[in-house]
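Okay, target-v8.cif now, which holds mmCIF, C-alpha atoms, pLDDT in the B column; chains and numbers go by the auth columns:
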```
data_upload
#
loop_
_atom_site.group_PDB
_atom_site.id
_atom_site.type_symbol
_atom_site.label_atom_id
_atom_site.label_comp_id
_atom_site.label_asym_id
_atom_site.label_seq_id
_atom_site.Cartn_x
_atom_site.Cartn_y
_atom_site.Cartn_z
_atom_site.B_iso_or_equiv
_atom_site.auth_seq_id
_atom_site.auth_asym_id
ATOM 1 C CA GLU A 1 -8.709 -5.027 18.806 96.00 852 A
ATOM 2 C CA VAL A 2 -5.162 -3.720 18.580 97.00 853 A
ATOM 3 C CA GLN A 3 -4.525 -1.844 15.352 98.00 854 A
ATOM 4 C CA LEU A 4 -1.659 0.153 13.923 98.00 855 A
ATOM 5 C CA VAL A 5 -2.754 2.143 10.894 98.00 856 A
ATOM 6 C CA GLN A 6 -0.082 3.817 8.817 98.00 857 A
ATOM 7 C CA SER A 7 -0.301 6.768 6.465 98.00 858 A
ATOM 8 C CA GLY A 8 -0.550 6.137 2.767 98.00 859 A
ATOM 9 C CA ALA A 9 2.138 5.725 0.137 98.00 860 A
ATOM 10 C CA ASP A 10 4.095 8.834 -0.717 97.00 861 A
ATOM 11 C CA VAL A 11 6.242 10.012 -3.603 97.00 862 A
ATOM 12 C CA LYS A 12 8.787 12.754 -3.044 97.00 863 A
ATOM 13 C CA GLN A 13 11.672 14.278 -4.923 97.00 864 A
ATOM 14 C CA PRO A 14 15.230 13.880 -3.659 97.00 865 A
ATOM 15 C CA GLY A 15 16.089 16.462 -1.030 97.00 866 A
ATOM 16 C CA TYR A 16 12.489 16.889 0.124 98.00 867 A
ATOM 17 C CA SER A 17 11.349 16.227 3.682 98.00 868 A
ATOM 18 C CA LEU A 18 8.780 13.618 4.655 98.00 869 A
ATOM 19 C CA LYS A 19 6.944 12.541 7.796 98.00 870 A
ATOM 20 C CA ILE A 20 4.963 9.305 7.855 98.00 871 A
ATOM 21 C CA SER A 21 2.669 8.235 10.644 98.00 872 A
ATOM 22 C CA CYS A 22 1.410 5.226 12.564 98.00 873 A
ATOM 23 C CA LYS A 23 -1.772 5.546 14.631 98.00 874 A
ATOM 24 C CA GLY A 24 -2.369 3.056 17.401 98.00 875 A
ATOM 25 C CA SER A 25 -5.730 1.985 18.778 98.00 876 A
ATOM 26 C CA GLY A 26 -7.228 -0.760 20.895 97.00 877 A
ATOM 27 C CA TYR A 27 -4.620 -0.546 23.662 97.00 878 A
ATOM 28 C CA SER A 28 -2.967 1.986 25.944 97.00 879 A
ATOM 29 C CA PHE A 29 -0.670 3.764 23.494 97.00 880 A
ATOM 30 C CA THR A 30 1.595 5.203 26.175 97.00 881 A
ATOM 31 C CA THR A 31 2.571 1.838 27.674 96.00 882 A
ATOM 32 C CA CYS A 32 4.198 0.142 24.672 97.00 883 A
ATOM 33 C CA TRP A 33 7.105 1.033 22.416 96.00 884 A
ATOM 34 C CA ILE A 34 6.560 1.622 18.695 97.00 885 A
ATOM 35 C CA GLY A 35 9.371 0.504 16.418 98.00 886 A
ATOM 36 C CA TRP A 36 10.035 1.301 12.783 98.00 887 A
ATOM 37 C CA VAL A 37 11.324 -1.353 10.381 98.00 888 A
ATOM 38 C CA ARG A 38 12.612 -0.768 6.855 98.00 889 A
ATOM 39 C CA GLN A 39 12.285 -3.220 3.994 98.00 890 A
ATOM 40 C CA MET A 40 14.014 -2.186 0.795 98.00 891 A
ATOM 41 C CA PRO A 41 12.655 -3.691 -2.445 97.00 892 A
ATOM 42 C CA GLY A 42 13.261 -7.433 -2.520 96.00 893 A
ATOM 43 C CA LYS A 43 15.274 -7.317 0.708 97.00 894 A
ATOM 44 C CA GLY A 44 14.984 -8.255 4.364 98.00 895 A
ATOM 45 C CA LEU A 45 13.874 -6.449 7.502 98.00 896 A
ATOM 46 C CA GLU A 46 15.953 -3.793 9.280 98.00 897 A
ATOM 47 C CA TRP A 47 15.093 -2.271 12.646 98.00 898 A
ATOM 48 C CA MET A 48 15.550 1.502 12.467 98.00 899 A
ATOM 49 C CA GLY A 49 14.592 2.609 15.934 98.00 900 A
ATOM 50 C CA SER A 50 11.825 2.772 18.507 97.00 901 A
ATOM 51 C CA VAL A 51 9.987 5.347 20.568 97.00 902 A
ATOM 52 C CA PHE A 52 8.238 5.040 23.928 96.00 903 A
ATOM 53 C CA PRO A 53 5.196 7.336 23.648 97.00 904 A
ATOM 54 C CA GLY A 54 4.796 7.558 27.407 95.00 905 A
ATOM 55 C CA ASP A 55 7.857 9.772 27.811 96.00 906 A
ATOM 56 C CA GLY A 56 9.229 10.198 24.290 96.00 907 A
ATOM 57 C CA GLU A 57 12.364 8.125 24.885 97.00 908 A
ATOM 58 C CA THR A 58 13.914 6.929 21.654 97.00 909 A
ATOM 59 C CA LYS A 59 16.409 4.275 20.662 97.00 910 A
ATOM 60 C CA TYR A 60 18.068 4.228 17.226 98.00 911 A
ATOM 61 C CA SER A 61 20.034 1.735 15.237 98.00 912 A
ATOM 62 C CA PRO A 62 23.506 3.175 14.556 97.00 913 A
ATOM 63 C CA SER A 63 22.766 2.618 10.858 97.00 914 A
ATOM 64 C CA PHE A 64 19.891 5.100 11.015 98.00 915 A
ATOM 65 C CA GLN A 65 20.985 7.482 13.792 97.00 916 A
ATOM 66 C CA GLY A 66 21.123 10.985 12.349 97.00 917 A
ATOM 67 C CA GLN A 67 19.389 9.890 9.136 97.00 918 A
ATOM 68 C CA VAL A 68 15.813 9.868 10.472 98.00 919 A
ATOM 69 C CA THR A 69 13.866 11.169 13.440 98.00 920 A
ATOM 70 C CA ILE A 70 11.381 9.049 15.357 98.00 921 A
ATOM 71 C CA SER A 71 8.792 10.677 17.591 98.00 922 A
ATOM 72 C CA ALA A 72 5.343 10.177 19.080 98.00 923 A
ATOM 73 C CA ASP A 73 2.356 12.290 20.047 98.00 924 A
ATOM 74 C CA LYS A 74 0.519 10.620 22.894 96.00 925 A
ATOM 75 C CA SER A 75 -2.419 13.021 22.598 97.00 926 A
ATOM 76 C CA THR A 76 -3.257 11.517 19.180 98.00 927 A
ATOM 77 C CA SER A 77 -1.785 8.026 19.766 98.00 928 A
ATOM 78 C CA THR A 78 0.422 8.504 16.742 98.00 929 A
ATOM 79 C CA ALA A 79 4.070 7.702 16.117 98.00 930 A
ATOM 80 C CA TYR A 80 6.120 9.307 13.371 98.00 931 A
ATOM 81 C CA LEU A 81 9.128 8.632 11.206 98.00 932 A
ATOM 82 C CA GLN A 82 10.605 11.597 9.410 98.00 933 A
ATOM 83 C CA TRP A 83 13.342 12.535 7.009 98.00 934 A
ATOM 84 C CA SER A 84 14.715 16.047 6.484 98.00 935 A
ATOM 85 C CA SER A 85 16.248 15.309 3.092 97.00 936 A
ATOM 86 C CA LEU A 86 15.220 12.191 1.203 98.00 937 A
ATOM 87 C CA LYS A 87 17.613 10.222 -0.979 97.00 938 A
ATOM 88 C CA ALA A 88 16.988 7.637 -3.669 97.00 939 A
ATOM 89 C CA SER A 89 18.342 5.038 -1.243 97.00 940 A
ATOM 90 C CA ASP A 90 15.366 5.728 1.073 98.00 941 A
ATOM 91 C CA ILE A 91 13.007 3.968 -1.351 98.00 942 A
ATOM 92 C CA ALA A 92 11.460 1.213 0.746 98.00 943 A
ATOM 93 C CA MET A 93 8.442 -0.069 2.568 98.00 944 A
ATOM 94 C CA TYR A 94 8.381 1.172 6.156 98.00 945 A
ATOM 95 C CA TYR A 95 6.515 -0.685 8.868 98.00 946 A
ATOM 96 C CA CYS A 96 5.654 0.371 12.375 98.00 947 A
ATOM 97 C CA ALA A 97 5.292 -2.343 14.981 98.00 948 A
ATOM 98 C CA ARG A 98 4.401 -2.537 18.652 98.00 949 A
ATOM 99 C CA GLN A 99 6.659 -3.877 21.377 96.00 950 A
ATOM 100 C CA CYS A 100 5.050 -4.053 24.801 92.00 951 A
ATOM 101 C CA GLY A 101 8.120 -4.300 26.943 81.00 952 A
ATOM 102 C CA ASP A 102 11.870 -3.854 26.825 75.00 953 A
ATOM 103 C CA PRO A 103 13.178 -6.185 25.643 81.00 954 A
ATOM 104 C CA TYR A 104 10.237 -7.417 23.621 90.00 955 A
ATOM 105 C CA TYR A 105 9.360 -8.705 20.194 96.00 956 A
ATOM 106 C CA PHE A 106 7.053 -6.983 17.695 97.00 957 A
ATOM 107 C CA ASP A 107 3.588 -8.384 18.317 97.00 958 A
ATOM 108 C CA TYR A 108 1.444 -6.137 16.099 98.00 959 A
ATOM 109 C CA TRP A 109 2.440 -4.485 12.851 98.00 960 A
ATOM 110 C CA GLY A 110 1.086 -1.687 10.707 98.00 961 A
ATOM 111 C CA GLN A 111 0.211 -2.364 7.083 98.00 962 A
ATOM 112 C CA GLY A 112 3.299 -0.538 5.814 98.00 963 A
ATOM 113 C CA THR A 113 3.962 2.756 4.032 98.00 964 A
ATOM 114 C CA LEU A 114 5.717 2.718 0.672 98.00 965 A
ATOM 115 C CA VAL A 115 8.074 5.654 0.210 98.00 966 A
ATOM 116 C CA THR A 116 9.228 6.413 -3.319 98.00 967 A
ATOM 117 C CA VAL A 117 11.892 8.999 -4.046 97.00 968 A
ATOM 118 C CA SER A 118 12.043 10.127 -7.627 95.00 969 A
ATOM 119 C CA SER A 119 12.755 13.266 -9.565 91.00 970 A
ATOM 120 C CA ASP B 1 25.797 -5.426 16.454 96.00 1233 B
ATOM 121 C CA ILE B 2 24.641 -9.020 16.811 98.00 1234 B
ATOM 122 C CA GLN B 3 24.588 -10.742 13.424 98.00 1235 B
ATOM 123 C CA MET B 4 21.775 -13.198 12.755 98.00 1236 B
ATOM 124 C CA THR B 5 22.425 -15.832 10.092 98.00 1237 B
ATOM 125 C CA GLN B 6 19.616 -17.979 8.730 98.00 1238 B
ATOM 126 C CA SER B 7 19.963 -21.174 6.774 97.00 1239 B
ATOM 127 C CA PRO B 8 19.042 -22.187 4.238 97.00 1240 B
ATOM 128 C CA SER B 9 18.291 -19.024 2.253 97.00 1241 B
ATOM 129 C CA ALA B 10 15.626 -20.907 0.322 97.00 1242 B
ATOM 130 C CA LEU B 11 13.912 -24.248 0.677 95.00 1243 B
ATOM 131 C CA SER B 12 11.552 -26.198 -1.560 96.00 1244 B
ATOM 132 C CA ALA B 13 9.069 -28.522 0.088 96.00 1245 B
ATOM 133 C CA SER B 14 5.717 -30.184 -0.480 96.00 1246 B
ATOM 134 C CA VAL B 15 2.410 -29.944 1.326 96.00 1247 B
ATOM 135 C CA GLY B 16 2.526 -32.338 4.267 96.00 1248 B
ATOM 136 C CA ASP B 17 6.310 -32.183 4.702 97.00 1249 B
ATOM 137 C CA ARG B 18 8.094 -31.311 7.925 97.00 1250 B
ATOM 138 C CA VAL B 19 10.651 -28.519 7.528 97.00 1251 B
ATOM 139 C CA THR B 20 13.226 -26.989 9.841 97.00 1252 B
ATOM 140 C CA PHE B 21 14.946 -23.626 9.560 95.00 1253 B
ATOM 141 C CA THR B 22 18.039 -22.590 11.482 98.00 1254 B
ATOM 142 C CA CYS B 23 19.040 -19.219 12.893 98.00 1255 B
ATOM 143 C CA ARG B 24 22.444 -18.531 14.443 98.00 1256 B
ATOM 144 C CA ALA B 25 23.419 -15.489 16.476 98.00 1257 B
ATOM 145 C CA SER B 26 26.963 -14.102 16.487 98.00 1258 B
ATOM 146 C CA GLN B 27 26.852 -13.934 20.297 98.00 1259 B
ATOM 147 C CA THR B 28 24.575 -15.283 22.946 98.00 1260 B
ATOM 148 C CA ILE B 29 21.055 -13.889 23.046 97.00 1261 B
ATOM 149 C CA ASN B 30 19.709 -16.247 25.726 97.00 1262 B
ATOM 150 C CA THR B 31 16.168 -16.954 24.464 97.00 1263 B
ATOM 151 C CA TRP B 32 15.356 -13.442 23.266 97.00 1264 B
ATOM 152 C CA LEU B 33 14.454 -14.608 19.778 98.00 1265 B
ATOM 153 C CA ALA B 34 11.332 -14.275 17.664 98.00 1266 B
ATOM 154 C CA TRP B 35 10.290 -15.849 14.366 98.00 1267 B
ATOM 155 C CA TYR B 36 8.125 -14.015 11.844 98.00 1268 B
ATOM 156 C CA GLN B 37 6.315 -15.096 8.699 98.00 1269 B
ATOM 157 C CA GLN B 38 5.967 -12.664 5.809 98.00 1270 B
ATOM 158 C CA LYS B 39 3.883 -13.136 2.697 98.00 1271 B
ATOM 159 C CA PRO B 40 4.406 -11.013 -0.443 96.00 1272 B
ATOM 160 C CA GLY B 41 3.012 -7.509 -0.061 95.00 1273 B
ATOM 161 C CA LYS B 42 2.092 -8.052 3.590 98.00 1274 B
ATOM 162 C CA ALA B 43 3.530 -7.052 6.941 98.00 1275 B
ATOM 163 C CA PRO B 44 5.402 -9.687 8.950 98.00 1276 B
ATOM 164 C CA ASN B 45 3.429 -11.709 11.464 98.00 1277 B
ATOM 165 C CA VAL B 46 4.958 -13.130 14.649 98.00 1278 B
ATOM 166 C CA LEU B 47 4.847 -16.902 15.069 98.00 1279 B
ATOM 167 C CA ILE B 48 7.201 -17.636 17.972 98.00 1280 B
ATOM 168 C CA TYR B 49 8.642 -15.465 20.745 97.00 1281 B
ATOM 169 C CA GLN B 50 11.088 -16.172 23.550 97.00 1282 B
ATOM 170 C CA ALA B 51 12.559 -18.837 21.236 98.00 1283 B
ATOM 171 C CA SER B 52 9.860 -21.427 21.878 98.00 1284 B
ATOM 172 C CA SER B 53 6.591 -19.717 22.906 97.00 1285 B
ATOM 173 C CA LEU B 54 3.787 -19.921 20.376 97.00 1286 B
ATOM 174 C CA GLU B 55 2.062 -16.592 19.750 96.00 1287 B
ATOM 175 C CA SER B 56 -1.676 -16.645 20.379 95.00 1288 B
ATOM 176 C CA GLY B 57 -3.634 -17.724 17.324 96.00 1289 B
ATOM 177 C CA VAL B 58 -0.685 -19.374 15.562 98.00 1290 B
ATOM 178 C CA PRO B 59 -1.285 -23.001 14.540 98.00 1291 B
ATOM 179 C CA SER B 60 0.387 -25.633 16.696 98.00 1292 B
ATOM 180 C CA ARG B 61 2.250 -27.101 13.690 98.00 1293 B
ATOM 181 C CA PHE B 62 4.751 -24.270 14.251 98.00 1294 B
ATOM 182 C CA SER B 63 7.338 -24.777 16.977 98.00 1295 B
ATOM 183 C CA GLY B 64 10.611 -23.175 17.999 98.00 1296 B
ATOM 184 C CA SER B 65 13.579 -24.281 20.047 98.00 1297 B
ATOM 185 C CA GLY B 66 17.062 -23.266 21.057 98.00 1298 B
ATOM 186 C CA SER B 67 18.960 -20.942 23.347 98.00 1299 B
ATOM 187 C CA GLY B 68 22.241 -19.085 23.389 98.00 1300 B
ATOM 188 C CA THR B 69 23.284 -18.848 19.752 98.00 1301 B
ATOM 189 C CA GLU B 70 21.473 -21.676 17.927 98.00 1302 B
ATOM 190 C CA PHE B 71 17.760 -21.708 17.198 98.00 1303 B
ATOM 191 C CA THR B 72 15.357 -23.633 15.007 98.00 1304 B
ATOM 192 C CA LEU B 73 11.853 -23.155 13.660 98.00 1305 B
ATOM 193 C CA THR B 74 9.991 -26.300 12.678 98.00 1306 B
ATOM 194 C CA ILE B 75 6.787 -26.564 10.708 98.00 1307 B
ATOM 195 C CA ASN B 76 5.047 -29.928 10.898 96.00 1308 B
ATOM 196 C CA SER B 77 2.754 -31.016 8.091 94.00 1309 B
ATOM 197 C CA LEU B 78 3.173 -28.035 5.758 97.00 1310 B
ATOM 198 C CA GLN B 79 -0.027 -26.397 4.585 96.00 1311 B
ATOM 199 C CA PRO B 80 -0.450 -24.352 1.372 95.00 1312 B
ATOM 200 C CA ASP B 81 -0.754 -21.178 3.475 95.00 1313 B
ATOM 201 C CA ASP B 82 2.745 -21.723 4.942 97.00 1314 B
ATOM 202 C CA PHE B 83 4.676 -20.922 1.770 93.00 1315 B
ATOM 203 C CA ALA B 84 6.228 -17.579 2.650 97.00 1316 B
ATOM 204 C CA THR B 85 9.474 -16.023 3.875 98.00 1317 B
ATOM 205 C CA TYR B 86 10.547 -16.565 7.485 98.00 1318 B
ATOM 206 C CA TYR B 87 12.735 -14.237 9.536 98.00 1319 B
ATOM 207 C CA CYS B 88 14.335 -14.599 12.920 98.00 1320 B
ATOM 208 C CA GLN B 89 14.973 -11.554 15.094 98.00 1321 B
ATOM 209 C CA GLN B 90 16.997 -11.071 18.245 98.00 1322 B
ATOM 210 C CA TYR B 91 15.721 -8.672 20.865 97.00 1323 B
ATOM 211 C CA ASN B 92 18.357 -9.318 23.502 96.00 1324 B
ATOM 212 C CA THR B 93 20.442 -6.265 22.661 95.00 1325 B
ATOM 213 C CA TYR B 94 19.937 -3.012 20.797 94.00 1326 B
ATOM 214 C CA PRO B 95 20.181 -2.595 17.885 97.00 1327 B
ATOM 215 C CA TYR B 96 17.613 -5.317 17.279 97.00 1328 B
ATOM 216 C CA THR B 97 18.641 -7.354 14.256 98.00 1329 B
ATOM 217 C CA PHE B 98 16.930 -9.740 11.845 98.00 1330 B
ATOM 218 C CA GLY B 99 18.235 -12.652 9.896 98.00 1331 B
ATOM 219 C CA GLN B 100 18.282 -12.355 6.111 98.00 1332 B
ATOM 220 C CA GLY B 101 15.260 -14.627 5.760 98.00 1333 B
ATOM 221 C CA THR B 102 14.455 -18.109 4.466 98.00 1334 B
ATOM 222 C CA LYS B 103 12.074 -18.338 1.519 98.00 1335 B
ATOM 223 C CA LEU B 104 9.913 -21.451 1.638 97.00 1336 B
ATOM 224 C CA GLU B 105 8.711 -22.449 -1.810 96.00 1337 B
ATOM 225 C CA ILE B 106 6.398 -25.136 -3.102 90.00 1338 B
ATOM 226 C CA LYS B 107 8.181 -28.095 -4.676 88.00 1339 B
#
```
Please express the file's structure as C-alpha cells.
Amino acid sequence: EVQLVQSGADVKQPGYSLKISCKGSGYSFTTCWIGWVRQMPGKGLEWMGSVFPGDGETKYSPSFQGQVTISADKSTSTAYLQWSSLKASDIAMYYCARQCGDPYYFDYWGQGTLVTVSS
Amino acid sequence: DIQMTQSPSALSASVGDRVTFTCRASQTINTWLAWYQQKPGKAPNVLIYQASSLESGVPSRFSGSGSGTEFTLTINSLQPDDFATYYCQQYNTYPYTFGQGTKLEIK
C-alpha cells in the first residue's frame, strides 16, 4: 500500500527555521516525484515545487522560488520542505503528494502538516 | 503561468441530482488536467486524470470531459458523501496550477 506520512504540526516564532518531512512507503521512492502543495486557511491549493528523489532534481513555482527549499533523502525515503526564516504569511497546511511521471497528476497525498507561526 | 478558472465558485444541490462543474485554462493544456475532491480537514483525493480517465477506486458516477482549454466534471446521482470542494489542476506546464475550487453544498 502506497503511503506518504508527514511530520506533525509545528509552531514556530517568526524568523525561526523549520523543516517538515514526508516519508514514502509501499513503492519505489526513487522513481516518482514528490510535490509540495500549500493551502492557506480557508483558501485553495497552490503547487510550491517538486523533487525527484532519484537524482535530487527540483522544480519550483516562481512564487516560492527562493522562499523555501525542497529536498529528498533516498536512503530514508523522505522528502523535505524547509524554511530558513518563517513569516506569519507561512501559516498554512502543507501537503506532500506523489507524481509518478513528468508530466503527471498527484495520485497519493500525505495527511498534511499544519505550520503555525506565532510570537 | 497558466490560470485555471472554475465555475461556479459554489453550488447547492440535492441528493440524486446531476451536477456539472467547469474549468477553463488560460491557454491550451491538451488533456493534462486532473480533478480532485477535498473534504474539510482532509487531503485532496484525485477523481479524474488526463481530463477523462477515472482514477482506480473512484465511483463511476464521476466523469470528466474536455480538451484544450475547456473541461467539465460531472457527478451523476449525487450521494451524501459527494458534498465537498472540487479542484481542477493542470499539469501540462510548470508551474502546475489549480483552479480556485467549487464548493458543492447540500440544498
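This file, queried with the PyMOL selection byres ((chain A) within 6 of (chain B)), gives the residues Gly895, Ser912, Pro954 and Gln962 of chain A.
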Enumerate, in order of chain and increasing residue number, the residues of range 1270-1313 of chain B with an atom no farther than 7 Å from range 1247-1263 of chain B, each with its shortest atom pair and distance in Å to one decimal, counting only C-alpha atoms, as a tab-separated table.
```
residue	atom	partner	partner_atom	distance
B:Gln1282	CA	B:Thr1263	CA	5.2
B:Ala1283	CA	B:Thr1263	CA	5.2
B:Ser1299	CA	B:Thr1263	CA	5.0
B:Gly1300	CA	B:Asn1262	CA	4.5
B:Thr1301	CA	B:Ala1257	CA	4.7
B:Glu1302	CA	B:Arg1256	CA	4.8
B:Phe1303	CA	B:Cys1255	CA	5.1
B:Thr1304	CA	B:Thr1254	CA	4.6
B:Leu1305	CA	B:Phe1253	CA	5.2
B:Thr1306	CA	B:Thr1252	CA	4.4
B:Ile1307	CA	B:Val1251	CA	5.4
B:Asn1308	CA	B:Arg1250	CA	4.5
B:Ser1309	CA	B:Gly1248	CA	4.1
B:Leu1310	CA	B:Gly1248	CA	4.6
B:Gln1311	CA	B:Val1247	CA	5.4
B:Pro1312	CA	B:Val1247	CA	6.3
```
| field | Using all atoms listed in the file: which of A:Val966, A:Ile885, A:Val919, A:Leu896 has the shortest distance to Ala939 in chain A | value |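 Ranked by minimum distance to Ala939 in chain A, first place goes to A:Val966.
Taking only C-alpha atoms, the non-local environment of Gln854 in chain A within 9 Å (same-chain residues fewer than 3 positions away omitted) comprises Lys874, Gly875, Ser876, Gly877, Tyr878, Tyr959, Trp960 and Gly961 of chain A.
Taking CA of Asp1314 in chain B and CA of Ile942 in chain A as endpoints, the distance between them is 28.4 Å.
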| What residues come out when you apply the PyMOL selection byres ((chain A and resi 931) around 6) to this file, written as a PyMOL selection string? | chain A and resi 871-872+921-923+930+932
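For the pair CA of Ala1316 in chain B and CA of Lys1271 in chain B, the separation is 5.0 Å.
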Calculate, to one decimal in Å, the centre and edge lengths of the box along x, y and z of the file that holds all listed atoms of range 1278-1292 of chain B with 3 Å of margin on each side, and present them as lines of an AutoDock Vina configuration file.
```
center_x = 4.5
center_y = -19.4
center_z = 19.0
size_x = 22.2
size_y = 18.5
size_z = 15.0
```
| said: If the PyMOL selection byres ((chain B and resi 1242) around 8) were run on this exact file, what residues would it hold? Put them as a list in words. | reply: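 So the PyMOL selection byres ((chain B and resi 1242) around 8) ends up selecting Ser1239, Pro1240, Ser1241, Leu1243, Ser1244, Thr1334, Lys1335, Leu1336 and Glu1337 of chain B.
Using all atoms listed in the file, the smallest distance between any of B:Ile1338, B:Met1236, B:Ala1245, B:Gln1269 and Phe1294 in chain B comes from B:Gln1269.
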| Pick from A:Pro892, A:Gly886, A:Gly907, A:Pro913 nearest to Tyr955 in chain A, counting only C-alpha atoms |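 With only C-alpha atoms as the atom set, the closest residue is A:Gly886.
One finds CA of Ser1292 in chain B at 22.9 Å from CA of Lys1339 in chain B.
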| field | Polymer residues at most 10 Å from Gly952 in chain A, all atoms listed in the file, same-chain spacing of 4 or more positions, as a PyMOL selection string | value | chain A and resi 882-884+903+956-957
